[in-house]
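S.K.: What follows is final34.txt, compact mmCIF, C-alpha atoms.
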# COMPACT_ATOMS: atom_id res chain seq x y z
CA MET I 1 -66.45 51.06 47.65
CA LYS I 2 -66.11 51.16 43.88
CA TYR I 3 -68.25 48.85 41.75
CA GLY I 4 -68.54 48.13 38.04
CA ILE I 5 -70.71 45.93 35.80
CA VAL I 6 -69.30 43.81 32.98
CA LEU I 7 -69.89 40.93 30.60
CA PHE I 8 -67.20 38.27 30.44
CA PRO I 9 -67.02 36.54 27.05
CA ALA I 10 -66.47 32.76 27.22
CA LYS I 11 -63.00 31.30 27.74
CA LYS I 12 -62.10 31.13 24.04
CA LEU I 13 -62.47 34.87 23.45
CA GLN I 14 -60.88 35.68 26.80
CA ASP I 15 -57.83 33.62 25.83
CA LEU I 16 -57.63 35.42 22.49
CA ALA I 17 -57.97 38.84 24.13
CA ASN I 18 -55.34 37.94 26.74
CA SER I 19 -52.85 36.97 24.04
CA TYR I 20 -52.89 40.67 23.10
CA ARG I 21 -53.50 42.14 26.57
CA LYS I 22 -50.44 40.43 27.99
CA ARG I 23 -48.29 42.70 25.85
CA TYR I 24 -50.46 45.76 25.29
CA ASP I 25 -52.73 46.27 28.31
CA PRO I 26 -51.38 47.37 31.70
CA HIS I 27 -54.68 46.20 33.24
CA TYR I 28 -53.95 42.62 32.14
CA ALA I 29 -53.51 41.32 35.70
CA LEU I 30 -56.29 43.38 37.29
CA ILE I 31 -59.36 41.96 35.56
CA PRO I 32 -60.16 39.25 32.98
CA PRO I 33 -61.07 40.39 29.43
CA HIS I 34 -64.48 42.03 29.61
CA LEU I 35 -67.06 44.29 28.03
CA THR I 36 -67.90 47.19 30.37
CA LEU I 37 -71.66 47.72 30.75
CA LYS I 38 -71.49 50.33 33.50
CA THR I 39 -68.35 52.30 34.32
CA PRO I 40 -67.08 52.36 37.92
CA PHE I 41 -69.41 53.93 40.48
CA GLU I 42 -69.33 54.37 44.25
CA ALA I 43 -71.83 52.57 46.49
CA SER I 44 -72.08 51.84 50.21
CA ASP I 45 -72.71 48.36 51.62
CA GLU I 46 -76.37 49.25 52.05
CA GLU I 47 -76.71 50.74 48.57
CA ILE I 48 -75.13 47.74 46.91
CA LYS I 49 -77.72 45.43 48.46
CA ALA I 50 -80.50 47.46 46.83
CA ILE I 51 -78.58 47.64 43.55
CA SER I 52 -78.01 43.90 43.61
CA LYS I 53 -81.73 43.31 44.09
CA GLU I 54 -82.48 45.65 41.18
CA LEU I 55 -79.95 43.81 38.99
CA ARG I 56 -81.64 40.49 39.74
CA SER I 57 -84.93 41.89 38.52
CA VAL I 58 -83.26 43.29 35.38
CA ALA I 59 -81.66 39.90 34.66
CA ASN I 60 -84.96 38.08 35.13
CA LYS I 61 -86.66 40.01 32.37
CA LEU I 62 -83.91 39.96 29.73
CA SER I 63 -82.79 37.29 27.27
CA PRO I 64 -79.25 36.04 26.58
CA ILE I 65 -77.21 38.34 24.35
CA LYS I 66 -75.44 37.60 21.09
CA LEU I 67 -71.86 38.81 21.28
CA GLU I 68 -70.38 39.25 17.83
CA VAL I 69 -66.90 40.54 17.04
CA GLN I 70 -66.13 41.38 13.44
CA LYS I 71 -63.04 43.50 13.72
CA ILE I 72 -60.43 45.29 15.75
CA SER I 73 -60.78 49.02 16.17
CA SER I 74 -59.45 51.91 18.26
CA PHE I 75 -60.48 55.09 20.06
CA SER I 76 -57.49 56.89 18.55
CA PRO I 77 -56.83 59.85 18.42
CA VAL I 78 -59.02 60.48 21.53
CA ASN I 79 -57.52 57.56 23.44
CA ASN I 80 -54.79 55.13 22.46
CA VAL I 81 -57.02 52.15 23.16
CA ILE I 82 -57.28 49.11 20.87
CA TYR I 83 -60.30 46.88 21.20
CA LEU I 84 -62.38 44.06 19.78
CA LYS I 85 -65.40 45.87 18.43
CA VAL I 86 -68.63 44.23 19.56
CA GLU I 87 -71.55 44.68 17.15
CA PRO I 88 -74.46 46.44 18.88
CA ASN I 89 -77.77 44.58 18.91
CA ASP I 90 -81.13 45.11 20.60
CA GLU I 91 -80.52 42.79 23.57
CA LEU I 92 -77.15 44.36 24.38
CA MET I 93 -78.46 47.91 24.05
CA GLU I 94 -81.47 47.06 26.18
CA LEU I 95 -79.28 45.67 28.96
CA HIS I 96 -77.11 48.81 28.83
CA THR I 97 -80.21 51.01 29.00
CA GLU I 98 -81.61 49.06 31.97
CA LEU I 99 -78.31 49.49 33.81
CA HIS I 100 -78.64 53.29 33.46
CA SER I 101 -82.35 53.62 34.31
CA GLY I 102 -84.55 53.68 37.40
CA SER I 103 -82.57 53.35 40.62
CA LEU I 104 -79.50 52.61 38.48
CA THR I 105 -79.69 55.97 36.71
CA SER I 106 -76.30 57.49 35.98
CA GLU I 107 -74.94 59.43 33.08
CA PRO I 108 -72.68 57.18 30.96
CA GLU I 109 -69.26 58.78 30.62
CA TYR I 110 -69.24 58.25 26.87
CA SER I 111 -71.82 57.13 24.36
CA PHE I 112 -71.95 53.33 24.54
CA VAL I 113 -69.54 51.69 22.10
CA PRO I 114 -69.56 48.02 23.08
CA HIS I 115 -65.99 46.73 23.10
CA ILE I 116 -63.44 44.44 24.72
CA THR I 117 -60.20 46.29 25.34
CA ILE I 118 -57.04 44.47 24.26
CA GLY I 119 -54.54 47.34 24.46
CA GLN I 120 -54.29 50.74 26.13
CA LYS I 121 -51.88 53.50 27.15
CA LEU I 122 -49.84 52.85 24.01
CA SER I 123 -47.61 55.47 22.45
CA ASP I 124 -48.76 56.86 19.08
CA ALA I 125 -46.09 54.87 17.26
CA GLU I 126 -46.86 51.60 19.09
CA MET I 127 -50.52 52.20 18.48
CA ALA I 128 -50.22 52.59 14.72
CA ASP I 129 -47.86 49.64 14.49
CA VAL I 130 -49.94 47.24 16.58
CA LEU I 131 -53.21 48.26 15.00
CA GLY I 132 -51.77 47.77 11.52
CA GLN I 133 -50.67 44.24 12.38
CA LEU I 134 -53.88 43.23 14.12
CA LYS I 135 -56.15 44.50 11.39
CA MET I 136 -54.60 41.98 9.00
CA GLN I 137 -55.88 39.09 11.10
CA ASP I 138 -59.27 37.45 11.14
CA ASN I 139 -60.82 38.14 14.51
CA HIS I 140 -64.38 37.17 13.70
CA HIS I 141 -66.15 35.59 16.63
CA ILE I 142 -69.71 34.96 17.74
CA GLU I 143 -71.19 33.56 20.95
CA LEU I 144 -74.24 33.77 23.19
CA ILE I 145 -73.80 35.28 26.67
CA ASP I 146 -76.34 34.45 29.37
CA ARG I 147 -74.95 36.35 32.36
CA PHE I 148 -73.36 39.56 33.59
CA HIS I 149 -71.31 40.36 36.70
CA LEU I 150 -71.16 43.04 39.38
CA LEU I 151 -67.57 43.57 40.56
CA TYR I 152 -65.81 45.64 43.22
CA GLN I 153 -62.32 47.04 43.20
CA LEU I 154 -59.61 46.21 45.73
CA ASP I 155 -56.98 48.66 46.96
CA ASN I 156 -54.43 47.25 44.50
CA GLY I 157 -56.70 48.07 41.55
CA ALA I 158 -57.81 44.47 40.93
CA TRP I 159 -61.49 43.55 40.60
CA THR I 160 -63.32 40.77 42.46
CA VAL I 161 -66.76 39.49 41.43
CA TYR I 162 -69.50 40.33 43.92
CA GLU I 163 -72.35 38.66 42.12
CA THR I 164 -73.40 37.00 38.86
CA PHE I 165 -76.77 37.71 37.25
CA ILE I 166 -78.24 35.24 34.81
CA LEU I 167 -80.30 36.50 31.87
CA GLU I 168 -83.22 34.14 32.05
CA LYS I 169 -86.30 35.71 30.55
CA GLY I 170 -88.78 32.93 30.03
CA GLU I 171 -86.85 30.42 32.15
CA LEU I 172 -87.93 29.17 35.55
CA MET A 1 -62.27 23.18 31.10
CA LYS A 2 -60.92 23.47 34.62
CA TYR A 3 -63.20 24.73 37.38
CA GLY A 4 -62.79 25.49 41.08
CA ILE A 5 -65.02 26.66 43.94
CA VAL A 6 -63.98 29.34 46.41
CA LEU A 7 -65.11 31.82 49.04
CA PHE A 8 -63.93 35.40 48.63
CA PRO A 9 -63.63 37.24 51.95
CA ALA A 10 -64.83 40.86 51.90
CA LYS A 11 -62.64 43.66 50.56
CA LYS A 12 -60.95 44.44 53.90
CA LEU A 13 -59.48 40.96 54.34
CA GLN A 14 -58.65 40.70 50.62
CA ASP A 15 -56.67 43.94 50.88
CA LEU A 16 -54.81 42.63 53.94
CA ALA A 17 -54.06 39.31 52.22
CA ASN A 18 -52.89 41.10 49.07
CA SER A 19 -50.44 43.24 51.07
CA TYR A 20 -48.60 39.96 51.75
CA ARG A 21 -49.42 38.15 48.49
CA LYS A 22 -47.92 40.93 46.41
CA ARG A 23 -44.50 39.96 47.77
CA TYR A 24 -44.88 36.31 48.67
CA ASP A 25 -47.41 34.67 46.34
CA PRO A 26 -46.68 34.05 42.65
CA HIS A 27 -50.44 33.57 42.13
CA TYR A 28 -51.09 37.18 43.20
CA ALA A 29 -52.21 38.32 39.74
CA LEU A 30 -54.13 35.15 38.83
CA ILE A 31 -56.94 35.19 41.42
CA PRO A 32 -58.13 37.42 44.26
CA PRO A 33 -57.46 36.24 47.83
CA HIS A 34 -59.73 33.26 48.49
CA LEU A 35 -60.53 30.19 50.54
CA THR A 36 -60.61 27.08 48.33
CA LEU A 37 -63.70 24.95 48.92
CA LYS A 38 -63.16 22.51 46.06
CA THR A 39 -59.81 22.06 44.33
CA PRO A 40 -59.64 22.34 40.53
CA PHE A 41 -61.65 19.76 38.58
CA GLU A 42 -62.40 19.16 34.91
CA ALA A 43 -65.93 19.56 33.53
CA SER A 44 -67.44 19.85 30.06
CA ASP A 45 -69.89 22.63 29.10
CA GLU A 46 -72.74 20.19 29.61
CA GLU A 47 -71.47 18.92 32.95
CA ILE A 48 -70.98 22.41 34.31
CA LYS A 49 -74.62 23.26 33.67
CA ALA A 50 -75.70 20.32 35.83
CA ILE A 51 -73.09 21.21 38.47
CA SER A 52 -74.25 24.80 38.50
CA LYS A 53 -77.83 23.67 39.08
CA GLU A 54 -76.68 21.41 41.91
CA LEU A 55 -74.72 24.31 43.48
CA ARG A 56 -77.83 26.49 43.42
CA SER A 57 -79.72 23.89 45.36
CA VAL A 58 -76.83 23.55 47.84
CA ALA A 59 -76.74 27.33 48.33
CA ASN A 60 -80.50 27.49 48.87
CA LYS A 61 -80.40 25.19 51.86
CA LEU A 62 -77.35 26.61 53.66
CA SER A 63 -76.89 29.66 55.89
CA PRO A 64 -74.21 32.36 55.70
CA ILE A 65 -70.87 31.32 57.17
CA LYS A 66 -68.82 32.98 59.88
CA LEU A 67 -65.25 33.43 58.66
CA GLU A 68 -62.87 33.92 61.55
CA VAL A 69 -59.12 34.32 61.28
CA GLN A 70 -57.12 34.14 64.50
CA LYS A 71 -53.61 33.58 63.30
CA ILE A 72 -51.13 32.99 60.54
CA SER A 73 -49.89 29.45 60.01
CA SER A 74 -48.07 27.31 57.45
CA PHE A 75 -48.02 23.88 55.79
CA SER A 76 -44.27 23.66 56.33
CA PRO A 77 -42.38 21.33 56.11
CA VAL A 78 -44.80 19.60 53.65
CA ASN A 79 -45.30 22.75 51.59
CA ASN A 80 -43.76 26.19 51.96
CA VAL A 81 -47.17 27.85 52.06
CA ILE A 82 -48.11 30.61 54.52
CA TYR A 83 -51.77 31.26 55.15
CA LEU A 84 -54.41 32.98 57.25
CA LYS A 85 -55.86 30.11 59.24
CA VAL A 86 -59.65 30.11 59.10
CA GLU A 87 -61.31 28.57 62.17
CA PRO A 88 -63.51 25.63 61.19
CA ASN A 89 -67.18 25.84 62.15
CA ASP A 90 -70.28 23.79 61.40
CA GLU A 91 -71.55 25.95 58.52
CA LEU A 92 -68.19 25.96 56.74
CA MET A 93 -67.66 22.22 57.18
CA GLU A 94 -71.20 21.54 55.99
CA LEU A 95 -70.67 23.56 52.81
CA HIS A 96 -67.40 21.70 52.17
CA THR A 97 -69.15 18.37 52.69
CA GLU A 98 -71.99 19.32 50.33
CA LEU A 99 -69.45 20.26 47.65
CA HIS A 100 -68.00 16.74 47.83
CA SER A 101 -71.28 14.75 47.99
CA GLY A 102 -73.97 13.53 45.61
CA SER A 103 -73.26 14.51 42.01
CA LEU A 104 -70.37 16.65 43.29
CA THR A 105 -68.56 13.68 44.83
CA SER A 106 -64.81 13.83 44.52
CA GLU A 107 -62.03 12.87 46.83
CA PRO A 108 -60.53 16.02 48.40
CA GLU A 109 -56.78 16.11 47.74
CA TYR A 110 -55.99 16.82 51.37
CA SER A 111 -58.02 16.84 54.55
CA PHE A 112 -59.85 20.18 54.65
CA VAL A 113 -57.84 22.85 56.45
CA PRO A 114 -59.73 26.08 55.73
CA HIS A 115 -57.23 28.79 54.85
CA ILE A 116 -56.48 31.86 52.76
CA THR A 117 -53.03 31.57 51.18
CA ILE A 118 -50.83 34.65 51.50
CA GLY A 119 -47.49 33.17 50.45
CA GLN A 120 -46.24 30.12 48.57
CA LYS A 121 -43.22 28.66 46.77
CA LEU A 122 -40.91 30.32 49.30
CA SER A 123 -37.42 29.02 50.04
CA ASP A 124 -36.93 27.49 53.50
CA ALA A 125 -35.00 30.54 54.66
CA GLU A 126 -37.57 33.03 53.32
CA MET A 127 -40.32 30.94 54.83
CA ALA A 128 -38.88 30.96 58.35
CA ASP A 129 -38.07 34.65 58.14
CA VAL A 130 -41.47 35.77 56.83
CA LEU A 131 -43.43 33.51 59.16
CA GLY A 132 -41.47 34.79 62.16
CA GLN A 133 -42.28 38.40 61.25
CA LEU A 134 -45.97 37.78 60.49
CA LYS A 135 -46.63 35.82 63.64
CA MET A 136 -45.75 38.92 65.70
CA GLN A 137 -48.68 40.82 64.18
CA ASP A 138 -52.32 40.82 65.17
CA ASN A 139 -54.25 39.31 62.27
CA HIS A 140 -57.51 38.66 64.07
CA HIS A 141 -60.51 39.12 61.81
CA ILE A 142 -64.14 38.08 61.74
CA GLU A 143 -66.89 38.48 59.12
CA LEU A 144 -70.02 36.81 57.77
CA ILE A 145 -69.89 35.42 54.21
CA ASP A 146 -73.13 34.88 52.34
CA ARG A 147 -71.92 33.59 48.98
CA PHE A 148 -69.48 31.33 47.17
CA HIS A 149 -68.21 31.32 43.59
CA LEU A 150 -67.62 28.85 40.79
CA LEU A 151 -64.61 29.87 38.67
CA TYR A 152 -62.90 28.59 35.53
CA GLN A 153 -59.29 28.86 34.52
CA LEU A 154 -58.00 30.64 31.42
CA ASP A 155 -54.98 29.52 29.37
CA ASN A 156 -52.76 32.05 31.17
CA GLY A 157 -53.58 30.49 34.55
CA ALA A 158 -55.94 33.30 35.67
CA TRP A 159 -59.41 32.52 37.02
CA THR A 160 -62.70 34.10 35.88
CA VAL A 161 -65.93 33.81 37.87
CA TYR A 162 -68.57 31.69 36.15
CA GLU A 163 -71.29 32.07 38.76
CA THR A 164 -72.04 33.30 42.27
CA PHE A 165 -74.21 31.29 44.67
CA ILE A 166 -75.88 33.02 47.58
CA LEU A 167 -76.32 31.16 50.85
CA GLU A 168 -79.88 32.00 51.62
CA LYS A 169 -81.46 29.35 53.79
CA GLY A 170 -84.68 30.80 55.14
CA GLU A 171 -84.66 33.75 52.73
CA LEU A 172 -87.02 34.19 49.83
Transcribe the structure of this file into structure tokens.
M.R.:
Amino acid sequence: MKYGIVLFPAKKLQDLANSYRKRYDPHYALIPPHLTLKTPFEASDEEIKAISKELRSVANKLSPIKLEVQKISSFSPVNNVIYLKVEPNDELMELHTELHSGSLTSEPEYSFVPHITIGQKLSDAEMADVLGQLKMQDNHHIELIDRFHLLYQLDNGAWTVYETFILEKGEL
Amino acid sequence: MKYGIVLFPAKKLQDLANSYRKRYDPHYALIPPHLTLKTPFEASDEEIKAISKELRSVANKLSPIKLEVQKISSFSPVNNVIYLKVEPNDELMELHTELHSGSLTSEPEYSFVPHITIGQKLSDAEMADVLGQLKMQDNHHIELIDRFHLLYQLDNGAWTVYETFILEKGEL
């Protein structure tokens, strides 16, 4: 079965992202707006139990993460993807590192550029047009995120949450 | 913000349910196949923290739940809804009761008929036709579910998971 690990921003930023995704992201109906922490990987039912246990121990030792968006950016010309750029910070990078270490070791597909996708699979012309419009707007946003989610993919491509992990370093 | 509480069956049953929902359920893209334990309710950010704490304590004292589907049924003529009928059992009824007691007290909208919706908002003719076809098939299924989920609704009607609660009576 295919699994992935993401952060969901709070409702406000999800609603904002969806206002773009509805038009520009063919994955709009498959998963809520998210920041991918670990790209899809295969695991058996047995393996995922061990992974889940490992994720609980990761979550227990980490603190909530500041999620700050300052601007809209793109992976063009490599990929016609438009996204809310999330400013890297120590807590976020540490969580990403933990999710690719120890029994969770895997080579990230790309170097980690924290982002929330709002458009993809656009034509070059669409891309330039949309990006030009969006860059004019103020998309500054800041929030504190205290949890991440392990998801699995259904046959239709949609993702269901398997488990939530709460970042609670220092809490009971 | 609007919250709800559901069980997600495992991938196999979700895939089966989606094979019907794709055609017959306008909520197909808004939420994965699920069994509703508590219908949508309003809660503030503060309230949901207390509710979440209460749900953790409920989950800690309950055991995993057998989910058994024997047949397809419908709420017709009251509602043109087709669903996988989930056989009631003590564990499931107990969880439902806990989610409507103490600080979680609320009047359930209907008497609790555990089910996984696979079609809704059908015309009478569609309804009779689809139900007739589905009833000929063998939809028997059984699994053990060890978790439930608290979700919130976005402006577009889609649901995002806020937190997972693991039924772990007797576990560490």
S.K.: Considering all atoms listed in the file, return as a tab-separated table (two decimals) with C-alpha atoms, in the frame of the given file whatever protein or nucleic-acid residues lie within 8 Å of segment 4-15 of chain A, sequence-local ones (same chain, fewer than 2 positions apart) excluded.
M.R.:
chain	number	residue	atom	x	y	z
I	154	LEU	CA	-59.61	46.21	45.73
I	155	ASP	CA	-56.98	48.66	46.96
I	156	ASN	CA	-54.43	47.25	44.50
A	2	LYS	CA	-60.92	23.47	34.62
A	17	ALA	CA	-54.06	39.31	52.22
A	18	ASN	CA	-52.89	41.10	49.07
A	19	SER	CA	-50.44	43.24	51.07
A	32	PRO	CA	-58.13	37.42	44.26
A	33	PRO	CA	-57.46	36.24	47.83
A	34	HIS	CA	-59.73	33.26	48.49
A	35	LEU	CA	-60.53	30.19	50.54
A	36	THR	CA	-60.61	27.08	48.33
A	37	LEU	CA	-63.70	24.95	48.92
A	38	LYS	CA	-63.16	22.51	46.06
A	39	THR	CA	-59.81	22.06	44.33
A	40	PRO	CA	-59.64	22.34	40.53
A	41	PHE	CA	-61.65	19.76	38.58
A	67	LEU	CA	-65.25	33.43	58.66
A	141	HIS	CA	-60.51	39.12	61.81
A	143	GLU	CA	-66.89	38.48	59.12
A	145	ILE	CA	-69.89	35.42	54.21
A	147	ARG	CA	-71.92	33.59	48.98
A	148	PHE	CA	-69.48	31.33	47.17
A	149	HIS	CA	-68.21	31.32	43.59
A	150	LEU	CA	-67.62	28.85	40.79
A	151	LEU	CA	-64.61	29.87	38.67
A	152	TYR	CA	-62.90	28.59	35.53
S.K.: For chain I against chain A, which residues fall within 6 Å using all atoms listed in the file, given as a ChimeraX atom specification?
M.R.: /I:29,163-164
S.K.: Where does chain I end up after superposition onto chain A over all in-order Cα pairs? Give it as a short mmCIF file (atom, residue, chain, number, x, y, z; two decimals) with C-alpha atoms, in the frame of the given file.
M.R.:
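Result file follows (selection_14.cif):
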data_model
loop_
_atom_site.label_atom_id
_atom_site.label_comp_id
_atom_site.auth_asym_id
_atom_site.auth_seq_id
_atom_site.Cartn_x
_atom_site.Cartn_y
_atom_site.Cartn_z
CA MET I 1 -62.26 23.18 31.09
CA LYS I 2 -60.92 23.47 34.62
CA TYR I 3 -63.21 24.74 37.38
CA GLY I 4 -62.78 25.49 41.07
CA ILE I 5 -65.01 26.66 43.94
CA VAL I 6 -63.98 29.35 46.41
CA LEU I 7 -65.11 31.82 49.04
CA PHE I 8 -63.92 35.40 48.64
CA PRO I 9 -63.62 37.24 51.97
CA ALA I 10 -64.84 40.86 51.89
CA LYS I 11 -62.64 43.65 50.56
CA LYS I 12 -60.95 44.43 53.89
CA LEU I 13 -59.48 40.95 54.32
CA GLN I 14 -58.65 40.71 50.63
CA ASP I 15 -56.67 43.95 50.88
CA LEU I 16 -54.82 42.63 53.92
CA ALA I 17 -54.06 39.31 52.22
CA ASN I 18 -52.89 41.11 49.07
CA SER I 19 -50.45 43.23 51.06
CA TYR I 20 -48.62 39.96 51.75
CA ARG I 21 -49.43 38.15 48.48
CA LYS I 22 -47.92 40.94 46.41
CA ARG I 23 -44.51 39.97 47.75
CA TYR I 24 -44.89 36.31 48.67
CA ASP I 25 -47.42 34.68 46.34
CA PRO I 26 -46.68 34.07 42.65
CA HIS I 27 -50.44 33.58 42.12
CA TYR I 28 -51.08 37.18 43.21
CA ALA I 29 -52.22 38.32 39.75
CA LEU I 30 -54.13 35.15 38.83
CA ILE I 31 -56.93 35.19 41.40
CA PRO I 32 -58.12 37.44 44.27
CA PRO I 33 -57.45 36.24 47.85
CA HIS I 34 -59.72 33.26 48.48
CA LEU I 35 -60.52 30.21 50.55
CA THR I 36 -60.60 27.09 48.34
CA LEU I 37 -63.70 24.95 48.94
CA LYS I 38 -63.15 22.51 46.09
CA THR I 39 -59.81 22.06 44.34
CA PRO I 40 -59.65 22.34 40.53
CA PHE I 41 -61.64 19.75 38.59
CA GLU I 42 -62.39 19.16 34.92
CA ALA I 43 -65.92 19.54 33.54
CA SER I 44 -67.44 19.86 30.07
CA ASP I 45 -69.88 22.61 29.10
CA GLU I 46 -72.75 20.19 29.61
CA GLU I 47 -71.46 18.92 32.95
CA ILE I 48 -70.98 22.41 34.32
CA LYS I 49 -74.62 23.25 33.66
CA ALA I 50 -75.69 20.32 35.84
CA ILE I 51 -73.09 21.20 38.47
CA SER I 52 -74.25 24.80 38.50
CA LYS I 53 -77.83 23.67 39.06
CA GLU I 54 -76.68 21.43 41.92
CA LEU I 55 -74.73 24.32 43.47
CA ARG I 56 -77.83 26.51 43.40
CA SER I 57 -79.72 23.90 45.36
CA VAL I 58 -76.84 23.56 47.85
CA ALA I 59 -76.75 27.35 48.33
CA ASN I 60 -80.51 27.51 48.87
CA LYS I 61 -80.39 25.21 51.86
CA LEU I 62 -77.35 26.62 53.67
CA SER I 63 -76.90 29.66 55.90
CA PRO I 64 -74.22 32.37 55.70
CA ILE I 65 -70.87 31.34 57.16
CA LYS I 66 -68.80 32.98 59.87
CA LEU I 67 -65.25 33.45 58.66
CA GLU I 68 -62.86 33.91 61.56
CA VAL I 69 -59.10 34.33 61.31
CA GLN I 70 -57.11 34.13 64.52
CA LYS I 71 -53.61 33.56 63.29
CA ILE I 72 -51.12 32.97 60.53
CA SER I 73 -49.90 29.45 59.99
CA SER I 74 -48.06 27.30 57.44
CA PHE I 75 -48.03 23.89 55.79
CA SER I 76 -44.27 23.68 56.33
CA PRO I 77 -42.38 21.32 56.09
CA VAL I 78 -44.81 19.60 53.64
CA ASN I 79 -45.31 22.76 51.59
CA ASN I 80 -43.76 26.19 51.96
CA VAL I 81 -47.17 27.85 52.07
CA ILE I 82 -48.11 30.60 54.53
CA TYR I 83 -51.77 31.26 55.16
CA LEU I 84 -54.41 32.97 57.25
CA LYS I 85 -55.85 30.11 59.24
CA VAL I 86 -59.64 30.10 59.12
CA GLU I 87 -61.32 28.57 62.18
CA PRO I 88 -63.51 25.61 61.18
CA ASN I 89 -67.17 25.83 62.15
CA ASP I 90 -70.28 23.78 61.39
CA GLU I 91 -71.56 25.95 58.51
CA LEU I 92 -68.19 25.96 56.74
CA MET I 93 -67.68 22.22 57.18
CA GLU I 94 -71.20 21.54 55.99
CA LEU I 95 -70.67 23.57 52.82
CA HIS I 96 -67.40 21.71 52.17
CA THR I 97 -69.14 18.37 52.69
CA GLU I 98 -71.99 19.32 50.33
CA LEU I 99 -69.46 20.26 47.65
CA HIS I 100 -67.99 16.73 47.84
CA SER I 101 -71.25 14.76 47.99
CA GLY I 102 -73.94 13.55 45.60
CA SER I 103 -73.24 14.51 42.00
CA LEU I 104 -70.36 16.65 43.28
CA THR I 105 -68.58 13.66 44.83
CA SER I 106 -64.81 13.83 44.53
CA GLU I 107 -62.02 12.86 46.84
CA PRO I 108 -60.50 16.00 48.42
CA GLU I 109 -56.77 16.08 47.73
CA TYR I 110 -55.99 16.80 51.37
CA SER I 111 -58.03 16.83 54.54
CA PHE I 112 -59.85 20.18 54.64
CA VAL I 113 -57.84 22.85 56.45
CA PRO I 114 -59.72 26.08 55.74
CA HIS I 115 -57.23 28.79 54.85
CA ILE I 116 -56.47 31.86 52.76
CA THR I 117 -53.04 31.58 51.18
CA ILE I 118 -50.83 34.66 51.50
CA GLY I 119 -47.48 33.16 50.46
CA GLN I 120 -46.23 30.12 48.57
CA LYS I 121 -43.22 28.63 46.78
CA LEU I 122 -40.92 30.30 49.30
CA SER I 123 -37.44 29.02 50.04
CA ASP I 124 -36.93 27.48 53.50
CA ALA I 125 -35.02 30.55 54.66
CA GLU I 126 -37.59 33.03 53.31
CA MET I 127 -40.31 30.93 54.84
CA ALA I 128 -38.89 30.95 58.35
CA ASP I 129 -38.09 34.64 58.13
CA VAL I 130 -41.48 35.76 56.82
CA LEU I 131 -43.42 33.51 59.15
CA GLY I 132 -41.47 34.80 62.14
CA GLN I 133 -42.30 38.39 61.24
CA LEU I 134 -45.96 37.79 60.49
CA LYS I 135 -46.63 35.82 63.64
CA MET I 136 -45.76 38.91 65.68
CA GLN I 137 -48.68 40.81 64.18
CA ASP I 138 -52.32 40.80 65.15
CA ASN I 139 -54.25 39.30 62.28
CA HIS I 140 -57.52 38.66 64.07
CA HIS I 141 -60.51 39.12 61.82
CA ILE I 142 -64.14 38.06 61.74
CA GLU I 143 -66.88 38.47 59.13
CA LEU I 144 -70.00 36.81 57.77
CA ILE I 145 -69.89 35.43 54.21
CA ASP I 146 -73.15 34.90 52.35
CA ARG I 147 -71.93 33.61 48.98
CA PHE I 148 -69.48 31.35 47.17
CA HIS I 149 -68.20 31.33 43.59
CA LEU I 150 -67.61 28.83 40.80
CA LEU I 151 -64.61 29.85 38.68
CA TYR I 152 -62.90 28.59 35.52
CA GLN I 153 -59.29 28.87 34.52
CA LEU I 154 -58.00 30.64 31.42
CA ASP I 155 -54.99 29.51 29.38
CA ASN I 156 -52.76 32.04 31.16
CA GLY I 157 -53.57 30.50 34.55
CA ALA I 158 -55.93 33.28 35.67
CA TRP I 159 -59.41 32.52 37.02
CA THR I 160 -62.69 34.10 35.89
CA VAL I 161 -65.93 33.81 37.88
CA TYR I 162 -68.58 31.70 36.16
CA GLU I 163 -71.28 32.07 38.76
CA THR I 164 -72.04 33.30 42.27
CA PHE I 165 -74.20 31.29 44.68
CA ILE I 166 -75.89 33.02 47.57
CA LEU I 167 -76.33 31.17 50.87
CA GLU I 168 -79.91 32.00 51.62
CA LYS I 169 -81.47 29.34 53.78
CA GLY I 170 -84.68 30.78 55.12
CA GLU I 171 -84.69 33.74 52.72
CA LEU I 172 -87.06 34.18 49.82
#
S.K.: I'd like the contact shell of Glu91 of chain A - 12 Å cut-off, only C-alpha atoms, skipping same-chain residues fewer than 2 positions apart - returned as number ranges by chain.
M.R.: A: 59, 61-67, 87-89, 93-98, 144-146, 167, 169
S.K.: Looking at all atoms listed in the file, which of A:Arg21, A:Glu168, A:Asn80, A:His100 is the one that sits closest to Ser57 of chain A?
M.R.: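 Of A:Arg21, A:Glu168, A:Asn80, A:His100, the one nearest Ser57 of chain A is A:Glu168, counting all atoms listed in the file.
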S.K.: If I take atom CA of Asn139 of chain I and atom CA of Glu126 of chain I, how far is one from the other in Å, to one decimal?
M.R.: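 Distance reported for this atom pair: 19.9 Å.
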